[in-house]
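*Asks:* File follows, work-v2.cif with mmCIF, C-alpha atoms:
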data_my_file
#
loop_
_atom_site.label_atom_id
_atom_site.label_comp_id
_atom_site.auth_asym_id
_atom_site.auth_seq_id
_atom_site.Cartn_x
_atom_site.Cartn_y
_atom_site.Cartn_z
CA MET M 67 -7.83 -4.56 -0.69
CA LYS M 68 -9.48 -2.99 2.34
CA PRO M 69 -8.31 0.54 3.30
CA TYR M 70 -6.97 -0.62 6.68
CA ALA M 71 -4.68 -3.08 4.95
CA VAL M 72 -2.33 -0.21 4.20
CA ALA M 73 -1.14 0.37 7.67
CA LEU M 74 1.63 -4.67 16.74
CA LEU M 75 3.92 -7.41 16.28
CA PHE M 76 7.42 -8.00 14.98
CA PHE M 77 8.15 -10.33 12.07
CA PRO M 78 11.49 -11.32 10.62
CA THR M 79 12.17 -10.47 7.00
CA CYS M 80 14.44 -11.96 4.39
CA ARG M 81 17.11 -9.42 5.39
CA GLY M 82 17.04 -10.49 9.02
CA GLN M 83 15.59 -7.17 10.24
CA ALA M 84 12.53 -6.96 12.41
CA LEU M 85 9.64 -5.01 10.91
CA GLU M 86 6.89 -3.60 13.05
CA GLN M 87 3.34 -4.48 12.08
CA TYR M 88 0.87 -1.60 12.13
CA THR M 89 -2.14 -3.27 10.55
CA PRO M 90 -4.14 -4.75 13.44
CA ASP M 91 -4.22 -8.54 13.68
CA LYS M 92 -8.01 -8.26 13.66
CA ALA M 93 -7.91 -6.85 10.10
CA ASP M 94 -9.24 -9.51 7.76
CA TRP M 95 -6.74 -10.05 4.97
CA SER M 96 -8.29 -13.20 3.58
CA THR M 97 -9.18 -11.52 0.29
CA PHE M 98 -5.72 -9.91 0.08
CA TYR M 99 -4.32 -13.39 -0.40
CA SER M 100 -7.19 -15.25 -2.04
CA LYS M 101 -8.49 -12.73 -4.59
CA ALA M 102 -5.09 -11.40 -5.57
CA VAL M 103 -3.08 -14.61 -5.86
CA LEU M 104 -4.14 -17.86 -4.22
CA ASP M 105 -7.52 -18.21 -5.95
CA HIS M 106 -6.56 -16.21 -9.01
CA PRO M 107 -5.42 -18.40 -11.90
CA LYS M 108 -3.36 -15.71 -13.63
CA ASN M 109 -1.65 -13.66 -10.89
CA THR M 110 1.40 -15.46 -9.54
CA ASP M 111 2.38 -13.27 -6.56
CA HIS M 112 2.29 -9.77 -5.04
CA SER M 113 5.30 -8.47 -6.99
CA PRO M 114 5.12 -6.27 -10.10
CA ASP M 115 6.01 -9.36 -12.14
CA GLY M 116 3.13 -11.32 -10.61
CA VAL M 117 0.31 -9.14 -11.95
CA PHE M 118 -0.73 -10.82 -15.19
CA TRP M 119 -2.44 -7.82 -16.80
CA ILE M 120 0.52 -5.44 -16.47
CA ASP M 121 3.26 -6.17 -19.00
CA ARG M 122 6.89 -5.53 -18.05
CA GLU M 123 7.20 -2.70 -20.60
CA ASP M 124 4.26 -0.92 -18.91
CA TRP M 125 6.38 -0.33 -15.80
CA LYS M 126 8.15 2.97 -16.58
CA GLU M 127 11.38 3.92 -14.85
CA TRP M 128 11.78 7.14 -12.90
CA ASP M 129 14.92 9.07 -13.86
CA GLY M 130 14.92 11.18 -10.70
CA THR M 131 13.19 14.18 -12.27
CA VAL M 132 11.24 16.09 -9.64
CA TYR M 133 7.88 17.21 -10.99
CA ASN M 134 6.74 20.67 -9.92
CA ALA M 135 3.00 20.29 -9.44
CA THR M 136 2.40 23.97 -10.22
CA GLU M 137 3.68 23.46 -13.77
CA TYR M 138 1.12 20.81 -14.76
CA THR M 139 -2.60 20.28 -14.80
CA LYS M 140 -3.86 17.56 -12.44
CA LYS M 141 -4.19 15.16 -15.35
CA GLU M 142 -0.71 15.93 -16.70
CA LEU M 143 0.85 15.40 -13.27
CA ALA M 144 -1.10 12.20 -12.73
CA ASP M 145 0.01 10.92 -16.16
CA LEU M 146 3.66 11.72 -15.36
CA ILE M 147 3.60 9.94 -12.00
CA CYS M 148 1.22 7.14 -12.94
CA PRO M 149 1.61 6.24 -16.61
CA GLY M 150 -1.08 3.69 -17.41
CA HIS M 151 -1.86 1.36 -14.51
CA THR M 152 1.49 1.75 -12.75
CA VAL M 153 3.53 4.19 -10.69
CA ARG M 154 6.69 5.42 -12.36
CA GLY M 155 9.79 3.76 -10.87
CA MET M 156 7.83 1.28 -8.74
CA TYR M 157 9.14 -1.79 -10.55
CA GLU M 158 12.76 -0.86 -9.84
CA LEU M 159 11.92 0.23 -6.29
CA PHE M 160 10.28 -3.12 -5.56
CA HIS M 161 13.24 -5.10 -6.87
CA LYS M 162 15.75 -2.84 -5.11
CA HIS M 163 14.08 -3.23 -1.71
CA LYS M 164 12.75 -6.80 -2.10
CA PRO M 165 10.10 -6.00 0.53
CA PHE M 166 8.63 -9.50 0.92
CA ALA M 167 10.41 -12.66 2.03
CA ASP M 168 7.68 -14.58 0.18
CA ASN M 169 6.03 -12.66 -2.68
CA ARG M 170 3.04 -15.02 -2.62
CA ASN M 171 2.38 -14.56 1.11
CA PRO M 172 3.81 -11.30 2.46
CA THR M 173 3.22 -10.56 6.13
CA LYS M 174 1.20 -7.58 7.30
CA ALA M 175 4.41 -6.06 8.67
CA GLU M 176 6.13 -6.42 5.29
CA VAL M 177 3.17 -4.84 3.49
CA ASP M 178 2.96 -1.99 6.02
CA ASN M 179 6.66 -1.26 5.47
CA TRP M 180 6.34 -1.54 1.67
CA HIS M 181 3.41 0.89 1.63
CA ALA M 182 5.50 3.50 3.48
CA THR M 183 8.40 2.96 1.06
CA ALA M 184 6.10 3.28 -1.96
CA LEU M 185 4.39 6.43 -0.65
CA ASN M 186 7.75 8.05 0.09
CA HIS M 187 8.80 7.23 -3.47
CA VAL M 188 5.75 9.05 -4.86
CA ARG M 189 6.40 12.00 -2.57
CA ALA M 190 10.00 12.14 -3.81
CA MET M 191 8.71 12.59 -7.36
CA VAL M 192 7.15 15.91 -6.31
CA GLY M 193 10.09 16.97 -4.14
CA TYR M 194 8.69 16.04 -0.73
CA THR M 195 11.84 14.45 0.62
CA GLU M 196 12.49 16.50 3.76
CA GLU M 197 12.15 14.75 7.10
CA GLU M 198 8.79 16.44 7.81
CA TYR M 199 7.28 14.85 4.68
CA LYS M 200 8.44 11.27 5.20
CA ILE M 201 5.70 8.74 5.70
CA ARG M 202 5.92 6.78 8.92
CA PRO M 203 3.18 4.28 9.73
CA ALA M 204 1.25 4.96 12.92
CA LYS M 205 -0.67 2.37 14.92
CA CYS M 206 -3.38 4.87 15.80
CA LEU M 207 -4.11 5.63 12.14
CA HIS M 208 -4.24 1.95 11.25
CA LEU M 209 -6.63 1.28 14.13
CA ARG M 210 -8.80 4.22 13.07
CA ALA M 211 -8.90 2.86 9.52
CA LEU M 212 -9.96 -0.56 10.82
CA TRP M 213 -12.68 1.03 12.96
CA SER M 214 -13.87 3.13 10.02
CA ASP M 215 -14.06 0.05 7.82
CA GLU M 216 -15.98 -1.88 10.49
CA ARG M 217 -18.31 1.06 11.04
CA ALA M 218 -19.01 1.39 7.30
CA ASN M 219 -19.31 -2.31 6.44
CA SER M 220 -20.79 -3.98 9.48
CA ARG M 221 -23.08 -3.40 12.41
CA ILE M 222 -20.70 -4.48 15.18
CA TRP M 223 -20.51 -0.92 16.50
CA ASP M 224 -24.28 -0.44 16.58
CA THR M 225 -24.80 -0.54 20.33
CA ASP M 226 -26.39 1.76 22.88
CA GLU M 227 -22.96 3.30 23.38
CA TYR M 228 -22.53 3.91 19.61
CA PRO M 229 -26.06 4.46 18.22
CA GLY M 230 -26.82 4.59 14.51
CA THR M 231 -24.79 3.24 11.67
CA CYS M 232 -22.40 4.52 9.12
CA GLU M 233 -23.00 1.54 6.87
CA GLY M 234 -21.85 2.38 3.39
CA SER M 235 -19.80 5.44 4.35
CA THR M 236 -16.99 6.46 6.66
#
Starting from the file, give its structure as structure tokens.

*Replies:*
Amino acid sequence: MKPYAVALLFFPTCRGQALEQYTPDKADWSTFYSKAVLDHPKNTDHSPDGVFWIDREDWKEWDGTVYNATEYTKKELADLICPGHTVRGMYELFHKHKPFADNRNPTKAEVDNWHATALNHVRAMVGYTEEEYKIRPAKCLHLRALWSDERANSRIWDTDEYPGTCEGST
């Protein structure tokens, strides 16, 4: 998935709430749908259950233990938070929040909201739960990510006003 896919419209969700979309409409999500699910014979949807190569028993629960990063090496902390190819507690979090009305075709707004929920979950595992640490999507950051991706992977910004290229880097 492109980096800008993580972050101006409102879409209804299965819970009847309106979610704000932060990922720009211009962001190309064609591979988000096609590579992950629609043209992939084994993945069934964008839920933890829909990823064929991650077995249910690989999704480890989080018991609420807050991990003090100063007590572990980087590898130890990473292994605690991300055992294997998963994030501890993410399976339960996904099913608790049911972030997508349609797990095969989530909207950009639903994915933007889910990313914030997931990041806040990871932050909670290291004790970053105060208001100042909560992730809140920002349109400016999502637009900057889109621009950075375009600048690195295309030449559409190579004009007299923006000379040179950043192709291959951001």

*Asks:* Applied to the shown file, which residues does the PyMOL selection byres ((chain M and resi 178) around 9) return, written as number ranges by chain?

*Replies:* M: 71-73, 85-89, 173-177, 179-183, 203

*Asks:* Can you tell me, as JSON, numbers by chain, which residues sit within 10 Å of (2.8, -2.7, -19.0) in the file's frame, using all atoms listed in the file?

*Replies:* {"M": [114, 117, 118, 119, 120, 121, 122, 123, 124, 125, 126, 149, 150, 151, 152]}

*Asks:* Could you tell me, as a PyMOL selection string, exactly which residues end up selected when the PyMOL selection byres ((chain M and resi 102-113) around 9) is applied to this structure?

*Replies:* chain M and resi 67+97-101+114-119+157+160-161+166+168-172

*Asks:* Mind pulling up the distance from atom CA of Glu197 of chain M to atom CA of Pro165 of chain M?

*Replies:* 21.9 Å

*Asks:* Between M:Val153, M:Leu159, M:Leu209, M:Ala135, single out the one closest to Gly193 of chain M, counting only C-alpha atoms.

*Replies:* M:Ala135

*Asks:* For atom CA of Pro90 of chain M and atom CA of Arg210 of chain M, determine how far apart the two atoms are, in Å to one decimal place.

*Replies:*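 For atom CA of Pro90 of chain M relative to atom CA of Arg210 of chain M, the distance reads 10.1 Å.
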
*Asks:* Give me the residues near Ile147 of chain M as an MDAnalysis selection string, where near means some atom within 8 Å (using all atoms listed in the file) and where sequence neighbours in that chain fewer than 5 positions away do not count.

*Replies:* chainID M and resid 153:154 188 191

*Asks:* Which is closer to Tyr138 of chain M than all the others in M:Leu185, M:Val192, M:Lys92, M:His163, using only C-alpha atoms?

*Replies:*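 When distances to Tyr138 of chain M are compared using only C-alpha atoms, the smallest one comes from M:Val192.
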
*Asks:* Given the block above, output segment 133-213 of chain M with C-alpha atoms as an mmCIF file, in the first residue's frame.

*Replies:*
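The file below, decode_30.cif, is the result:
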data_model
loop_
_atom_site.group_PDB
_atom_site.id
_atom_site.type_symbol
_atom_site.label_atom_id
_atom_site.label_comp_id
_atom_site.auth_asym_id
_atom_site.auth_seq_id
_atom_site.Cartn_x
_atom_site.Cartn_y
_atom_site.Cartn_z
ATOM 1 C CA TYR M 133 5.583 -2.289 28.110
ATOM 2 C CA ASN M 134 8.251 0.078 29.429
ATOM 3 C CA ALA M 135 10.540 0.609 26.452
ATOM 4 C CA THR M 136 13.520 1.315 28.718
ATOM 5 C CA GLU M 137 13.367 -2.236 30.076
ATOM 6 C CA TYR M 138 13.831 -3.991 26.725
ATOM 7 C CA THR M 139 16.169 -3.999 23.786
ATOM 8 C CA LYS M 140 14.645 -2.760 20.516
ATOM 9 C CA LYS M 141 14.259 -6.332 19.324
ATOM 10 C CA GLU M 142 12.668 -7.508 22.579
ATOM 11 C CA LEU M 143 10.172 -4.634 22.517
ATOM 12 C CA ALA M 144 9.394 -5.228 18.853
ATOM 13 C CA ASP M 145 8.833 -8.942 19.546
ATOM 14 C CA LEU M 146 6.486 -8.132 22.446
ATOM 15 C CA ILE M 147 4.390 -5.691 20.421
ATOM 16 C CA CYS M 148 4.616 -7.467 17.078
ATOM 17 C CA PRO M 149 4.887 -11.221 17.583
ATOM 18 C CA GLY M 150 5.449 -12.757 14.161
ATOM 19 C CA HIS M 151 3.659 -10.903 11.366
ATOM 20 C CA THR M 152 0.971 -9.343 13.552
ATOM 21 C CA VAL M 153 0.423 -6.642 16.156
ATOM 22 C CA ARG M 154 -0.561 -7.926 19.580
ATOM 23 C CA GLY M 155 -4.271 -7.365 20.263
ATOM 24 C CA MET M 156 -5.075 -6.208 16.724
ATOM 25 C CA TYR M 157 -7.392 -9.119 15.964
ATOM 26 C CA GLU M 158 -9.614 -8.338 18.953
ATOM 27 C CA LEU M 159 -9.412 -4.596 18.290
ATOM 28 C CA PHE M 160 -10.566 -5.076 14.701
ATOM 29 C CA HIS M 161 -13.533 -7.223 15.716
ATOM 30 C CA LYS M 162 -14.441 -4.901 18.597
ATOM 31 C CA HIS M 163 -14.529 -1.802 16.379
ATOM 32 C CA LYS M 164 -15.704 -3.420 13.124
ATOM 33 C CA PRO M 165 -14.109 -0.527 11.215
ATOM 34 C CA PHE M 166 -15.368 -1.394 7.721
ATOM 35 C CA ALA M 167 -18.967 -1.668 6.553
ATOM 36 C CA ASP M 168 -17.660 -3.936 3.771
ATOM 37 C CA ASN M 169 -14.405 -5.750 4.594
ATOM 38 C CA ARG M 170 -13.762 -6.399 0.888
ATOM 39 C CA ASN M 171 -14.140 -2.740 -0.110
ATOM 40 C CA PRO M 172 -13.518 -0.351 2.788
ATOM 41 C CA THR M 173 -13.756 3.358 2.027
ATOM 42 C CA LYS M 174 -10.796 5.687 2.387
ATOM 43 C CA ALA M 175 -12.549 7.324 5.336
ATOM 44 C CA GLU M 176 -12.974 3.957 7.068
ATOM 45 C CA VAL M 177 -9.316 3.077 6.499
ATOM 46 C CA ASP M 178 -8.151 6.505 7.707
ATOM 47 C CA ASN M 179 -10.170 6.042 10.904
ATOM 48 C CA TRP M 180 -8.958 2.445 11.373
ATOM 49 C CA HIS M 181 -5.319 3.500 10.997
ATOM 50 C CA ALA M 182 -5.740 6.063 13.789
ATOM 51 C CA THR M 183 -7.416 3.444 16.001
ATOM 52 C CA ALA M 184 -4.647 0.915 15.313
ATOM 53 C CA LEU M 185 -1.846 3.418 15.970
ATOM 54 C CA ASN M 186 -3.454 4.509 19.232
ATOM 55 C CA HIS M 187 -3.632 0.848 20.230
ATOM 56 C CA VAL M 188 0.115 0.435 19.665
ATOM 57 C CA ARG M 189 0.799 3.625 21.594
ATOM 58 C CA ALA M 190 -1.306 2.306 24.487
ATOM 59 C CA MET M 191 0.983 -0.723 24.711
ATOM 60 C CA VAL M 192 3.863 1.600 25.641
ATOM 61 C CA GLY M 193 1.766 3.819 27.905
ATOM 62 C CA TYR M 194 1.149 6.708 25.512
ATOM 63 C CA THR M 195 -2.521 7.160 26.316
ATOM 64 C CA GLU M 196 -2.650 10.788 27.436
ATOM 65 C CA GLU M 197 -4.524 13.235 25.235
ATOM 66 C CA GLU M 198 -1.280 14.740 23.887
ATOM 67 C CA TYR M 199 -0.246 11.340 22.473
ATOM 68 C CA LYS M 200 -3.486 10.402 20.726
ATOM 69 C CA ILE M 201 -3.263 10.080 16.979
ATOM 70 C CA ARG M 202 -5.638 12.305 15.066
ATOM 71 C CA PRO M 203 -5.490 12.277 11.272
ATOM 72 C CA ALA M 204 -4.654 15.600 9.649
ATOM 73 C CA LYS M 205 -5.519 16.599 6.088
ATOM 74 C CA CYS M 206 -2.277 18.521 5.711
ATOM 75 C CA LEU M 207 -0.159 15.472 6.558
ATOM 76 C CA HIS M 208 -2.111 13.265 4.176
ATOM 77 C CA LEU M 209 -1.704 15.826 1.385
ATOM 78 C CA ARG M 210 2.023 16.093 2.117
ATOM 79 C CA ALA M 211 2.317 12.303 1.948
ATOM 80 C CA LEU M 212 0.537 12.282 -1.418
ATOM 81 C CA TRP M 213 2.828 15.030 -2.722
#
